[in-house]
Amino acid sequence: MQEFGDNPVDVRETGHYTEEYVPSFVEKWDSLIDWEKRSQSEGNFFIDLLRKRGVKSVLDVATGTGFHSVQLLEAGFETVSADGSAEMLAQAFSNGVKYGDHILRVVQADWRWLNRDVHGEYDAIVCLGNSFTHLFSESDRRKALAEFYAMLKHDGVLILDQRNYDTILDRGFSSKHIYYYCGEDVAVEPEYMDEGLCRMRYSFADDSVYHLNMFPLRKDYTRQLMTDVGFQRVETYGDFQHTYRDEQPDFYVHVAEKAYIMEEGEDGHSAAVSTARSYYNSSDADTFYASVWGGEDIHVGLYERADEPIVDASHRTVERMASKLSLTERSIVLDLGSGYGGSARHLAEKHGCRVLALNLSEVENERHRTLNAERGLTGAIEVVDGSFESIPYPDDSVDVVWSQDAFLHSGDRHRVLEEVARVLRPGGELIFTDPMAVDGCPTDVLRPILDRIHLDDLGSPDFYRRELARLGFTEVGEGGFEEHREQVARHYGRVLEETERQEADGLGGKVSADYLTRMKKGLRDWVHGGQEHHLTWGIFHFVR
């Protein structure tokens with residue numbers, strides 16, 4: 001029998017999983033999986049991924065009862081099979097003979113000391129079957145990933161899957177049971193769930209019941225850990241599909257590459273930031289934003305009526321944000337993605353504080369400096385060419401970090417928030433806005449917007465709350481987020497109206513026809529996303 005003590009939900013230890021896979025449970029594991037149906041559901045997904053990368057040798061670190069090891073051997077890969085459970089390995093060895101007369105090379109090993117127990121380097125490591133979830137401490141997870149990384153060849157790949165705990169935590173449990181657990185005579189569901197434990201219940205047709213205590217890994221957290229230990233590129237799939245945009249998958253599959261891939265442009269910025277920089281430096285974009293969007297505040301506005309001028313609504317956003325802060329003449333504010341500097345000038349003039357304005361577009365920065373000089377603010381505002389993914393200021397150096405509708409342009413928002421936490425002094429305030437996907441929004445509905453701005457995804461309120469909490473920030477006000485979802489469609493609709501009005505008055509003589517055509521389509525996509533409640537926007541306010 002399994003032993004969990006008097007209070008099973010208190011059992012949150014990495015090593016306990018070896019005691020959970022008792023012989024009677026292991027004997028039933030294959031009926032839970034149903035090898036034939038699972039093979040049909042997976043198809044050649046993993047085999048194709050490995051062959052595409054020229055893989056020959058594979059280390060299966062979560063062998064279980066051997067399903068994937070046998071599949072790999074059948075496909076011709078040199079395979080070593082490791083697992084922390086001796087009971088599982090014994091069953092796997094038997095299954096190797098049963099399914100294809102394969103003699104598995106099995107090794108009992110703890111991932112945290114994998115290099116001690118398993119020798120050699122491999123083209124690929126696979127960690128499948130939701131196995132990584134057995135590690136309960138972050139240090140264990142990092143240690144295991146570092147061991148995987150060390151055992152891969154220089155251009156090796158790690159394939160790791162996990163249950164979609166994000167959906168379970170945020171929306172409740174729902175499973176189609178057509179991918180991983182294909183057996184029809186077993187019911188699988190969480191018996192208990194919190195941010196630190198998912199206790200799964202496995203009920204079989206003979207009335208026997210077993211449990212596994214696992215850590216509920218969030219998708220973005222797992223991807224971040226992989227990046228932290230050195231993996232250069234992480235691509236995520238859902239339910240053995242090359243896209244999971246149509247619906248929320250039951251399982252995620254992460255493919256992490258060890259080889260160093262240069263993704264930075266010649267300017268030293270990341271690919272996403274370089275793309276944004278090139279766009280905002282273009283003559284068309286500079287003319288459009290200066291003429292149509294208001295020229296000083298190029299961000300989403302807070303509208304009090306549908307036909308309000310863009311400049312008035314945009315400036316109201318600045319005033320609303322500034323009113324939430326405790327600013328003095330001694331305050332140092334870092335404005336990330338400062339654009340033409342409307343916010344920086346307001347803060348310097350109305351509150352007397354010093355502003356450090358960091359922005360990636362040199363064209364916008366030149367206009368910013370000119371406008372500052374015209375207002376006598378050159379000494380109060382320092383305009384700096386640079387990216388918020390690598391802030392050129394020391395640790396604990398600013399009192400406030402301010403940003404408006406800029407973070408969406410980063411391909412690594414985790415890194416941006418980490419940089420923000422680094423430069424903020426203890427007790428410092430973070431206030432920002434960002435156009436976002438609503439929580440749980442399927443990515444496919446945002447594809448027209450994402451394709452235009454060359455991004456894979458947008459942030460969401462839950463993403464920012466979760467990441468800021470991880471970094472030690474505390475919410476100010478109710479949830480740290482003042483939502484104004486209705487302003488998305490209203491603002492982009494007003495910009496579209498103003499674009500068409502100025503186009504009729506000769507804007508086409510200043511901005512290329514191609515740019516205006518693409519801009520109007522993009523604005524309509526933003527309006528549609530707002531009207532369909534796929535997008536949201538608002539003001540975040542947190543204290544470090």
# chains A, B, ... in the order shown; residues from 1 in each chain; ligands from 1
>>> residues_around(residues="Glu482 in chain A", least_positions_apart="4", cutoff="7 Å", atoms="only C-alpha atoms", output="CSV table (one decimal) with C-alpha atoms, in the first residue's frame")
chain,number,residue,atom,x,y,z
A,538,GLY,CA,-5.1,49.0,-17.6
A,539,ILE,CA,-2.8,50.4,-15.0
A,540,PHE,CA,-0.5,48.2,-12.9
>>> residues_around(residues="Val188 in chain A", least_positions_apart="4", cutoff="8 Å", atoms="only C-alpha atoms", output="ChimeraX atom specification")
/A:200-203
>>> residues_around(residues="Glu500 in chain A", least_positions_apart="5", cutoff="10 Å", atoms="only C-alpha atoms", output="PyMOL selection string")
chain A and resi 292+494-495+505+507+516+520
>>> write_last_selection(atoms="all heavy atoms", output="mmCIF file, in the first residue's frame")
data_model
loop_
_atom_site.group_PDB
_atom_site.id
_atom_site.type_symbol
_atom_site.label_atom_id
_atom_site.label_comp_id
_atom_site.auth_asym_id
_atom_site.auth_seq_id
_atom_site.Cartn_x
_atom_site.Cartn_y
_atom_site.Cartn_z
ATOM 1 N N VAL A 292 -0.700 61.627 -36.125
ATOM 2 C CA VAL A 292 -2.012 61.048 -35.835
ATOM 3 C C VAL A 292 -2.222 60.778 -34.361
ATOM 4 O O VAL A 292 -3.275 61.051 -33.798
ATOM 5 C CB VAL A 292 -2.212 59.749 -36.650
ATOM 6 C CG1 VAL A 292 -3.533 59.088 -36.288
ATOM 7 C CG2 VAL A 292 -2.149 60.055 -38.140
ATOM 8 N N ARG A 494 -10.546 55.289 -32.225
ATOM 9 C CA ARG A 494 -10.313 56.721 -32.409
ATOM 10 C C ARG A 494 -9.083 56.967 -33.296
ATOM 11 O O ARG A 494 -9.081 57.855 -34.149
ATOM 12 C CB ARG A 494 -10.114 57.406 -31.054
ATOM 13 C CG ARG A 494 -11.392 57.690 -30.319
ATOM 14 C CD ARG A 494 -12.236 58.761 -31.014
ATOM 15 N NE ARG A 494 -11.564 60.067 -30.998
ATOM 16 C CZ ARG A 494 -11.163 60.724 -32.081
ATOM 17 N NH1 ARG A 494 -11.349 60.206 -33.293
ATOM 18 N NH2 ARG A 494 -10.579 61.917 -31.980
ATOM 19 N N VAL A 495 -8.040 56.175 -33.095
ATOM 20 C CA VAL A 495 -6.850 56.327 -33.934
ATOM 21 C C VAL A 495 -7.187 56.000 -35.391
ATOM 22 O O VAL A 495 -6.728 56.682 -36.320
ATOM 23 C CB VAL A 495 -5.692 55.439 -33.430
ATOM 24 C CG1 VAL A 495 -4.496 55.516 -34.380
ATOM 25 C CG2 VAL A 495 -5.269 55.857 -32.024
ATOM 26 N N ASP A 505 -7.200 64.397 -45.768
ATOM 27 C CA ASP A 505 -6.626 65.748 -45.796
ATOM 28 C C ASP A 505 -5.183 65.776 -46.294
ATOM 29 O O ASP A 505 -4.506 66.799 -46.175
ATOM 30 C CB ASP A 505 -6.680 66.377 -44.397
ATOM 31 C CG ASP A 505 -8.102 66.702 -43.967
ATOM 32 O OD1 ASP A 505 -8.971 66.783 -44.863
ATOM 33 O OD2 ASP A 505 -8.340 66.863 -42.756
ATOM 34 N N LEU A 507 -2.636 63.100 -45.645
ATOM 35 C CA LEU A 507 -1.618 62.339 -44.910
ATOM 36 C C LEU A 507 -0.846 61.415 -45.844
ATOM 37 O O LEU A 507 0.339 61.138 -45.617
ATOM 38 C CB LEU A 507 -2.272 61.523 -43.785
ATOM 39 C CG LEU A 507 -1.342 60.688 -42.902
ATOM 40 C CD1 LEU A 507 -0.361 61.590 -42.137
ATOM 41 C CD2 LEU A 507 -2.145 59.830 -41.916
ATOM 42 N N LEU A 516 0.053 52.990 -44.625
ATOM 43 C CA LEU A 516 -1.291 53.334 -44.176
ATOM 44 C C LEU A 516 -2.259 52.166 -44.334
ATOM 45 O O LEU A 516 -3.109 51.927 -43.480
ATOM 46 C CB LEU A 516 -1.806 54.548 -44.951
ATOM 47 C CG LEU A 516 -1.175 55.893 -44.572
ATOM 48 C CD1 LEU A 516 -1.693 56.998 -45.492
ATOM 49 C CD2 LEU A 516 -1.456 56.236 -43.108
ATOM 50 N N LYS A 520 -4.049 50.648 -41.030
ATOM 51 C CA LYS A 520 -5.504 50.617 -40.861
ATOM 52 C C LYS A 520 -6.006 49.198 -40.603
ATOM 53 O O LYS A 520 -6.910 49.003 -39.784
ATOM 54 C CB LYS A 520 -6.185 51.220 -42.097
ATOM 55 C CG LYS A 520 -6.026 52.737 -42.190
ATOM 56 C CD LYS A 520 -6.825 53.337 -43.327
ATOM 57 C CE LYS A 520 -6.249 52.953 -44.671
ATOM 58 N NZ LYS A 520 -6.990 53.615 -45.780
#
>>> select_by_dssp(residues="range 184-350 of chain A", states="alpha helix (DSSP H)", output="JSON, numbers by chain")
{"A": [219, 220, 221, 222, 223, 224, 225, 226, 227, 228, 271, 272, 273, 274, 275, 276, 277, 278, 279, 280, 281, 283, 284, 285, 286, 287, 288, 289, 290, 291, 310, 311, 312, 313, 314, 315, 316, 317, 318, 319, 320, 321, 322, 323, 342, 343, 344, 345, 346, 347, 348, 349, 350]}
>>> write_last_selection(atoms="N, CA and C atoms", output="compact mmCIF listing (two decimals), in the first residue's frame")
# COMPACT_ATOMS: atom_id res chain seq x y z
N LYS A 219 3.43 26.64 -17.06
CA LYS A 219 4.15 26.56 -18.33
C LYS A 219 5.30 27.57 -18.42
N ASP A 220 5.00 28.84 -18.18
CA ASP A 220 6.03 29.87 -18.35
C ASP A 220 7.14 29.72 -17.32
N TYR A 221 6.79 29.23 -16.14
CA TYR A 221 7.81 29.00 -15.11
C TYR A 221 8.79 27.92 -15.57
N THR A 222 8.28 26.85 -16.12
CA THR A 222 9.13 25.76 -16.61
C THR A 222 10.04 26.25 -17.73
N ARG A 223 9.47 27.01 -18.65
CA ARG A 223 10.27 27.55 -19.75
C ARG A 223 11.38 28.47 -19.23
N GLN A 224 11.05 29.27 -18.20
CA GLN A 224 12.04 30.18 -17.65
C GLN A 224 13.18 29.41 -16.98
N LEU A 225 12.85 28.33 -16.27
CA LEU A 225 13.89 27.52 -15.64
C LEU A 225 14.85 26.96 -16.68
N MET A 226 14.31 26.51 -17.79
CA MET A 226 15.16 25.96 -18.85
C MET A 226 16.12 27.03 -19.37
N THR A 227 15.60 28.22 -19.56
CA THR A 227 16.45 29.32 -20.02
C THR A 227 17.50 29.67 -18.98
N ASP A 228 17.10 29.66 -17.71
CA ASP A 228 18.02 30.02 -16.63
C ASP A 228 19.24 29.11 -16.56
N ALA A 271 15.94 39.87 -30.93
CA ALA A 271 15.24 39.94 -32.21
C ALA A 271 13.97 40.78 -32.11
N ALA A 272 13.18 40.56 -31.05
CA ALA A 272 11.93 41.31 -30.91
C ALA A 272 12.18 42.80 -30.74
N VAL A 273 13.17 43.15 -29.90
CA VAL A 273 13.48 44.55 -29.67
C VAL A 273 14.05 45.19 -30.93
N SER A 274 14.89 44.46 -31.65
CA SER A 274 15.46 45.00 -32.90
C SER A 274 14.36 45.28 -33.92
N THR A 275 13.36 44.39 -33.97
CA THR A 275 12.24 44.60 -34.89
C THR A 275 11.48 45.87 -34.53
N ALA A 276 11.20 46.02 -33.24
CA ALA A 276 10.48 47.22 -32.78
C ALA A 276 11.30 48.48 -33.05
N ARG A 277 12.60 48.40 -32.81
CA ARG A 277 13.48 49.56 -33.03
C ARG A 277 13.46 49.99 -34.49
N SER A 278 13.59 49.01 -35.40
CA SER A 278 13.59 49.33 -36.83
C SER A 278 12.27 49.97 -37.24
N TYR A 279 11.19 49.45 -36.68
CA TYR A 279 9.87 49.99 -37.03
C TYR A 279 9.73 51.44 -36.59
N TYR A 280 10.02 51.70 -35.32
CA TYR A 280 9.82 53.05 -34.79
C TYR A 280 10.86 54.05 -35.34
N ASN A 281 11.95 53.56 -35.86
CA ASN A 281 12.93 54.44 -36.48
C ASN A 281 12.57 54.81 -37.92
N SER A 283 10.76 56.32 -41.19
CA SER A 283 10.17 57.64 -41.47
C SER A 283 8.66 57.58 -41.43
N ASP A 284 8.08 56.50 -41.98
CA ASP A 284 6.62 56.37 -41.98
C ASP A 284 6.07 56.35 -40.56
N ALA A 285 6.67 55.51 -39.70
CA ALA A 285 6.17 55.39 -38.33
C ALA A 285 6.34 56.70 -37.57
N ASP A 286 7.49 57.33 -37.72
CA ASP A 286 7.74 58.58 -37.01
C ASP A 286 6.72 59.65 -37.41
N THR A 287 6.47 59.78 -38.69
CA THR A 287 5.51 60.77 -39.17
C THR A 287 4.10 60.43 -38.71
N PHE A 288 3.74 59.15 -38.80
CA PHE A 288 2.39 58.74 -38.41
C PHE A 288 2.12 59.02 -36.94
N TYR A 289 3.01 58.58 -36.07
CA TYR A 289 2.77 58.74 -34.64
C TYR A 289 2.79 60.21 -34.22
N ALA A 290 3.67 60.99 -34.84
CA ALA A 290 3.73 62.41 -34.51
C ALA A 290 2.50 63.16 -35.00
N SER A 291 1.94 62.73 -36.13
CA SER A 291 0.81 63.44 -36.72
C SER A 291 -0.54 62.95 -36.22
N ILE A 310 -7.60 62.42 -29.25
CA ILE A 310 -6.65 61.40 -28.76
C ILE A 310 -5.68 62.01 -27.76
N VAL A 311 -5.19 63.21 -28.05
CA VAL A 311 -4.18 63.83 -27.19
C VAL A 311 -4.72 64.07 -25.78
N ASP A 312 -6.00 64.44 -25.68
CA ASP A 312 -6.58 64.69 -24.36
C ASP A 312 -6.72 63.40 -23.56
N ALA A 313 -7.23 62.36 -24.21
CA ALA A 313 -7.41 61.07 -23.52
C ALA A 313 -6.06 60.46 -23.14
N SER A 314 -5.08 60.60 -24.02
CA SER A 314 -3.76 60.04 -23.74
C SER A 314 -3.11 60.76 -22.56
N HIS A 315 -3.27 62.08 -22.51
CA HIS A 315 -2.69 62.83 -21.39
C HIS A 315 -3.40 62.51 -20.09
N ARG A 316 -4.69 62.17 -20.17
CA ARG A 316 -5.42 61.79 -18.96
C ARG A 316 -4.82 60.51 -18.35
N THR A 317 -4.37 59.61 -19.20
CA THR A 317 -3.71 58.40 -18.69
C THR A 317 -2.47 58.77 -17.87
N VAL A 318 -1.69 59.69 -18.40
CA VAL A 318 -0.48 60.13 -17.69
C VAL A 318 -0.84 60.73 -16.33
N GLU A 319 -1.84 61.58 -16.31
CA GLU A 319 -2.25 62.22 -15.06
C GLU A 319 -2.77 61.20 -14.06
N ARG A 320 -3.52 60.21 -14.56
CA ARG A 320 -4.08 59.17 -13.68
C ARG A 320 -2.96 58.35 -13.05
N MET A 321 -1.98 58.00 -13.83
CA MET A 321 -0.86 57.22 -13.31
C MET A 321 -0.04 58.03 -12.30
N ALA A 322 0.25 59.28 -12.65
CA ALA A 322 1.06 60.12 -11.77
C ALA A 322 0.38 60.35 -10.43
N SER A 323 -0.96 60.42 -10.44
CA SER A 323 -1.70 60.67 -9.20
C SER A 323 -1.58 59.53 -8.21
N GLY A 342 6.27 62.63 -23.66
CA GLY A 342 5.16 63.35 -23.05
C GLY A 342 5.04 63.09 -21.56
N SER A 343 5.16 61.85 -21.15
CA SER A 343 5.06 61.50 -19.73
C SER A 343 6.23 62.07 -18.95
N ALA A 344 7.43 61.97 -19.51
CA ALA A 344 8.62 62.48 -18.82
C ALA A 344 8.50 63.97 -18.58
N ARG A 345 8.02 64.70 -19.57
CA ARG A 345 7.88 66.15 -19.39
C ARG A 345 6.81 66.49 -18.36
N HIS A 346 5.72 65.74 -18.35
CA HIS A 346 4.69 65.98 -17.35
C HIS A 346 5.24 65.77 -15.94
N LEU A 347 5.95 64.67 -15.74
CA LEU A 347 6.50 64.36 -14.42
C LEU A 347 7.52 65.40 -13.98
N ALA A 348 8.37 65.83 -14.90
CA ALA A 348 9.40 66.81 -14.56
C ALA A 348 8.79 68.17 -14.25
N GLU A 349 7.79 68.57 -15.05
CA GLU A 349 7.19 69.89 -14.87
C GLU A 349 6.25 69.95 -13.67
N LYS A 350 5.40 68.96 -13.52
CA LYS A 350 4.36 69.01 -12.49
C LYS A 350 4.84 68.54 -11.12
>>> select_by_dssp(residues="range 57-88 of chain A", states="strand (DSSP E)", output="number ranges by chain")
A: 57-60, 78-83
>>> closest_residue(among="A:Val58, A:Tyr99, A:Gly43, A:Pro461", to="Val70 in chain A", atoms="only C-alpha atoms")
A:Tyr99
>>> closest_atom_pairs(of="range 123-198 of chain A", to="range 3-10 of chain A", cutoff="10 Å", atoms="only C-alpha atoms", output="CSV")
residue,atom,partner,partner_atom,distance
A:Glu191,CA,A:Val9,CA,9.7
A:Tyr192,CA,A:Val9,CA,7.5
A:Met193,CA,A:Val9,CA,9.0
A:Asp194,CA,A:Val9,CA,9.7
A:Gly196,CA,A:Val9,CA,9.8
A:Leu197,CA,A:Val9,CA,7.4
A:Cys198,CA,A:Val9,CA,8.7
>>> closest_residue(among="A:Leu455, A:Leu417, A:Val438, A:Ala489", to="Glu467 in chain A", atoms="only C-alpha atoms")
A:Leu417
>>> closest_residue(among="A:Gly480, A:Gly84, A:Gly522, A:Pro435", to="Ala62 in chain A", atoms="only C-alpha atoms")
A:Gly84
>>> residues_around(residues="Val118 in chain A", least_positions_apart="6", cutoff="10 Å", atoms="only C-alpha atoms", output="list in words")
Leu59, Val61, Val80, Ser81, Ala82, Val106, Val107, Gln108, Ala109, Asp110, Trp111 and Met151 of chain A
>>> residues_around(residues="range 25-35 of chain A", least_positions_apart="2", cutoff="12 Å", atoms="only C-alpha atoms", output="PyMOL selection string")
chain A and resi 1-2+18-23+37-43+64-68+70-71+85-92+94-95+98-99+129+177-188+201-206+208-212
>>> closest_residue(among="A:Ile168, A:Leu356, A:Leu471, A:Leu128", to="Val253 in chain A", atoms="only C-alpha atoms")
A:Leu128
>>> residues_around(residues="Phe432 in chain A", least_positions_apart="5", cutoff="10 Å", atoms="only C-alpha atoms", output="list in words")
Met321, Asp335, Leu336, Val401, Trp402, Ser403, Gln404, Asp405, Ala406, Phe407, Phe481, Gly538, Ile539, Phe540, His541 and Phe542 of chain A
>>> residues_around(residues="Arg485 in chain A", least_positions_apart="4", cutoff="12 Å", atoms="only C-alpha atoms", output="list in words")
Val300, Gly301, Leu302, Tyr303, Thr433, Asp434, Pro435, Met436, Ala437, Val438, Ser460, Pro461, Phe481, Ala489, Arg490, His491, Val527, Gly529, Gly530, Gln531, Glu532, His533, His534, Leu535, Thr536, Trp537, Gly538 and Ile539 of chain A
>>> write_last_selection(atoms="N, CA, C and O atoms", output="mmCIF file, in the first residue's frame")
data_model
loop_
_atom_site.group_PDB
_atom_site.id
_atom_site.type_symbol
_atom_site.label_atom_id
_atom_site.label_comp_id
_atom_site.auth_asym_id
_atom_site.auth_seq_id
_atom_site.Cartn_x
_atom_site.Cartn_y
_atom_site.Cartn_z
ATOM 1 N N VAL A 300 -2.183 54.287 -25.128
ATOM 2 C CA VAL A 300 -3.636 54.189 -25.002
ATOM 3 C C VAL A 300 -4.149 55.273 -24.054
ATOM 4 O O VAL A 300 -3.541 55.546 -23.011
ATOM 5 N N GLY A 301 -5.270 55.883 -24.417
ATOM 6 C CA GLY A 301 -5.842 56.948 -23.609
ATOM 7 C C GLY A 301 -7.021 56.483 -22.767
ATOM 8 O O GLY A 301 -7.597 55.416 -22.991
ATOM 9 N N LEU A 302 -7.372 57.317 -21.792
ATOM 10 C CA LEU A 302 -8.576 57.123 -20.979
ATOM 11 C C LEU A 302 -9.629 58.104 -21.495
ATOM 12 O O LEU A 302 -9.549 59.310 -21.245
ATOM 13 N N TYR A 303 -10.590 57.579 -22.234
ATOM 14 C CA TYR A 303 -11.577 58.425 -22.903
ATOM 15 C C TYR A 303 -12.820 58.597 -22.030
ATOM 16 O O TYR A 303 -13.338 57.631 -21.458
ATOM 17 N N THR A 433 1.424 50.456 -17.920
ATOM 18 C CA THR A 433 0.290 49.951 -18.686
ATOM 19 C C THR A 433 0.831 49.077 -19.811
ATOM 20 O O THR A 433 1.993 49.200 -20.208
ATOM 21 N N ASP A 434 -0.010 48.198 -20.317
ATOM 22 C CA ASP A 434 0.394 47.357 -21.442
ATOM 23 C C ASP A 434 -0.851 46.783 -22.106
ATOM 24 O O ASP A 434 -1.745 46.285 -21.407
ATOM 25 N N PRO A 435 -0.968 46.848 -23.428
ATOM 26 C CA PRO A 435 -2.042 46.122 -24.109
ATOM 27 C C PRO A 435 -1.792 44.629 -23.946
ATOM 28 O O PRO A 435 -0.685 44.144 -24.210
ATOM 29 N N MET A 436 -2.818 43.891 -23.523
ATOM 30 C CA MET A 436 -2.626 42.486 -23.154
ATOM 31 C C MET A 436 -3.743 41.610 -23.701
ATOM 32 O O MET A 436 -4.822 42.083 -24.047
ATOM 33 N N ALA A 437 -3.481 40.317 -23.717
ATOM 34 C CA ALA A 437 -4.536 39.328 -23.915
ATOM 35 C C ALA A 437 -5.267 39.155 -22.591
ATOM 36 O O ALA A 437 -4.660 39.240 -21.529
ATOM 37 N N VAL A 438 -6.562 38.929 -22.654
ATOM 38 C CA VAL A 438 -7.276 38.610 -21.424
ATOM 39 C C VAL A 438 -6.773 37.259 -20.927
ATOM 40 O O VAL A 438 -6.271 36.443 -21.699
ATOM 41 N N SER A 460 -0.512 39.065 -20.076
ATOM 42 C CA SER A 460 -1.884 39.035 -19.563
ATOM 43 C C SER A 460 -1.845 39.524 -18.122
ATOM 44 O O SER A 460 -0.779 39.528 -17.490
ATOM 45 N N PRO A 461 -2.973 39.936 -17.562
ATOM 46 C CA PRO A 461 -2.965 40.378 -16.166
ATOM 47 C C PRO A 461 -2.395 39.332 -15.215
ATOM 48 O O PRO A 461 -1.585 39.659 -14.340
ATOM 49 N N PHE A 481 -4.001 46.081 -10.030
ATOM 50 C CA PHE A 481 -4.342 46.317 -11.431
ATOM 51 C C PHE A 481 -5.683 47.022 -11.541
ATOM 52 O O PHE A 481 -6.709 46.509 -11.101
ATOM 53 N N ALA A 489 -10.769 48.984 -27.504
ATOM 54 C CA ALA A 489 -11.510 49.224 -28.748
ATOM 55 C C ALA A 489 -11.745 50.709 -28.968
ATOM 56 O O ALA A 489 -11.687 51.203 -30.110
ATOM 57 N N ARG A 490 -12.002 51.446 -27.879
ATOM 58 C CA ARG A 490 -12.280 52.873 -28.018
ATOM 59 C C ARG A 490 -11.053 53.624 -28.538
ATOM 60 O O ARG A 490 -11.151 54.437 -29.461
ATOM 61 N N HIS A 491 -9.898 53.339 -27.957
ATOM 62 C CA HIS A 491 -8.690 54.061 -28.357
ATOM 63 C C HIS A 491 -8.281 53.737 -29.789
ATOM 64 O O HIS A 491 -8.049 54.643 -30.605
ATOM 65 N N VAL A 527 -9.196 46.858 -32.703
ATOM 66 C CA VAL A 527 -10.578 47.193 -32.356
ATOM 67 C C VAL A 527 -11.406 45.915 -32.207
ATOM 68 O O VAL A 527 -12.153 45.748 -31.238
ATOM 69 N N GLY A 529 -10.336 42.878 -31.561
ATOM 70 C CA GLY A 529 -9.913 42.157 -30.364
ATOM 71 C C GLY A 529 -10.494 42.743 -29.098
ATOM 72 O O GLY A 529 -10.864 42.018 -28.159
ATOM 73 N N GLY A 530 -10.592 44.070 -29.052
ATOM 74 C CA GLY A 530 -11.196 44.711 -27.896
ATOM 75 C C GLY A 530 -12.683 44.467 -27.819
ATOM 76 O O GLY A 530 -13.227 44.171 -26.740
ATOM 77 N N GLN A 531 -13.374 44.576 -28.933
ATOM 78 C CA GLN A 531 -14.818 44.363 -28.952
ATOM 79 C C GLN A 531 -15.208 42.927 -28.601
ATOM 80 O O GLN A 531 -16.250 42.689 -27.985
ATOM 81 N N GLU A 532 -14.361 41.979 -29.003
ATOM 82 C CA GLU A 532 -14.641 40.567 -28.719
ATOM 83 C C GLU A 532 -14.142 40.142 -27.340
ATOM 84 O O GLU A 532 -14.224 38.963 -26.980
ATOM 85 N N HIS A 533 -13.626 41.101 -26.574
ATOM 86 C CA HIS A 533 -13.122 40.845 -25.212
ATOM 87 C C HIS A 533 -11.954 39.860 -25.192
ATOM 88 O O HIS A 533 -11.801 39.076 -24.254
ATOM 89 N N HIS A 534 -11.141 39.915 -26.253
ATOM 90 C CA HIS A 534 -9.911 39.120 -26.274
ATOM 91 C C HIS A 534 -8.728 39.915 -25.713
ATOM 92 O O HIS A 534 -7.717 39.330 -25.345
ATOM 93 N N LEU A 535 -8.876 41.215 -25.689
ATOM 94 C CA LEU A 535 -7.802 42.098 -25.256
ATOM 95 C C LEU A 535 -8.234 42.917 -24.053
ATOM 96 O O LEU A 535 -9.430 43.173 -23.847
ATOM 97 N N THR A 536 -7.257 43.326 -23.270
ATOM 98 C CA THR A 536 -7.538 44.211 -22.146
ATOM 99 C C THR A 536 -6.363 45.166 -21.961
ATOM 100 O O THR A 536 -5.318 45.028 -22.608
ATOM 101 N N TRP A 537 -6.570 46.107 -21.053
ATOM 102 C CA TRP A 537 -5.557 47.145 -20.810
ATOM 103 C C TRP A 537 -5.876 47.789 -19.474
ATOM 104 O O TRP A 537 -7.026 47.782 -19.024
ATOM 105 N N GLY A 538 -4.888 48.339 -18.830
ATOM 106 C CA GLY A 538 -5.127 49.026 -17.571
ATOM 107 C C GLY A 538 -3.816 49.428 -16.926
ATOM 108 O O GLY A 538 -2.745 49.327 -17.526
ATOM 109 N N ILE A 539 -3.919 49.879 -15.679
ATOM 110 C CA ILE A 539 -2.764 50.418 -14.962
ATOM 111 C C ILE A 539 -2.354 49.454 -13.850
ATOM 112 O O ILE A 539 -3.143 49.144 -12.961
#
>>> decode(residues="range 52-77 of chain A", atoms="C-alpha atoms", output="compact mmCIF listing (two decimals), in the first residue's frame")
# COMPACT_ATOMS: atom_id res chain seq x y z
CA LYS A 52 14.54 16.54 -37.79
CA ARG A 53 17.47 17.42 -35.54
CA GLY A 54 19.65 14.54 -36.68
CA VAL A 55 19.51 12.77 -33.30
CA LYS A 56 21.09 9.34 -32.99
CA SER A 57 21.55 8.76 -29.25
CA VAL A 58 18.79 9.35 -26.67
CA LEU A 59 18.70 9.19 -22.89
CA ASP A 60 15.17 8.51 -21.63
CA VAL A 61 15.37 9.84 -18.06
CA ALA A 62 11.75 9.07 -17.16
CA THR A 63 11.43 5.56 -18.53
CA GLY A 64 8.45 4.51 -16.41
CA THR A 65 7.22 1.20 -17.75
CA GLY A 66 9.16 1.72 -20.96
CA PHE A 67 6.66 3.05 -23.49
CA HIS A 68 8.88 5.75 -24.98
CA SER A 69 12.09 3.75 -24.70
CA VAL A 70 10.51 0.99 -26.78
CA GLN A 71 9.18 3.53 -29.30
CA LEU A 72 12.66 5.03 -29.63
CA LEU A 73 14.32 1.65 -30.09
CA GLU A 74 11.73 0.67 -32.69
CA ALA A 75 12.57 3.88 -34.57
CA GLY A 76 16.28 3.00 -34.58
CA PHE A 77 17.63 5.38 -31.91
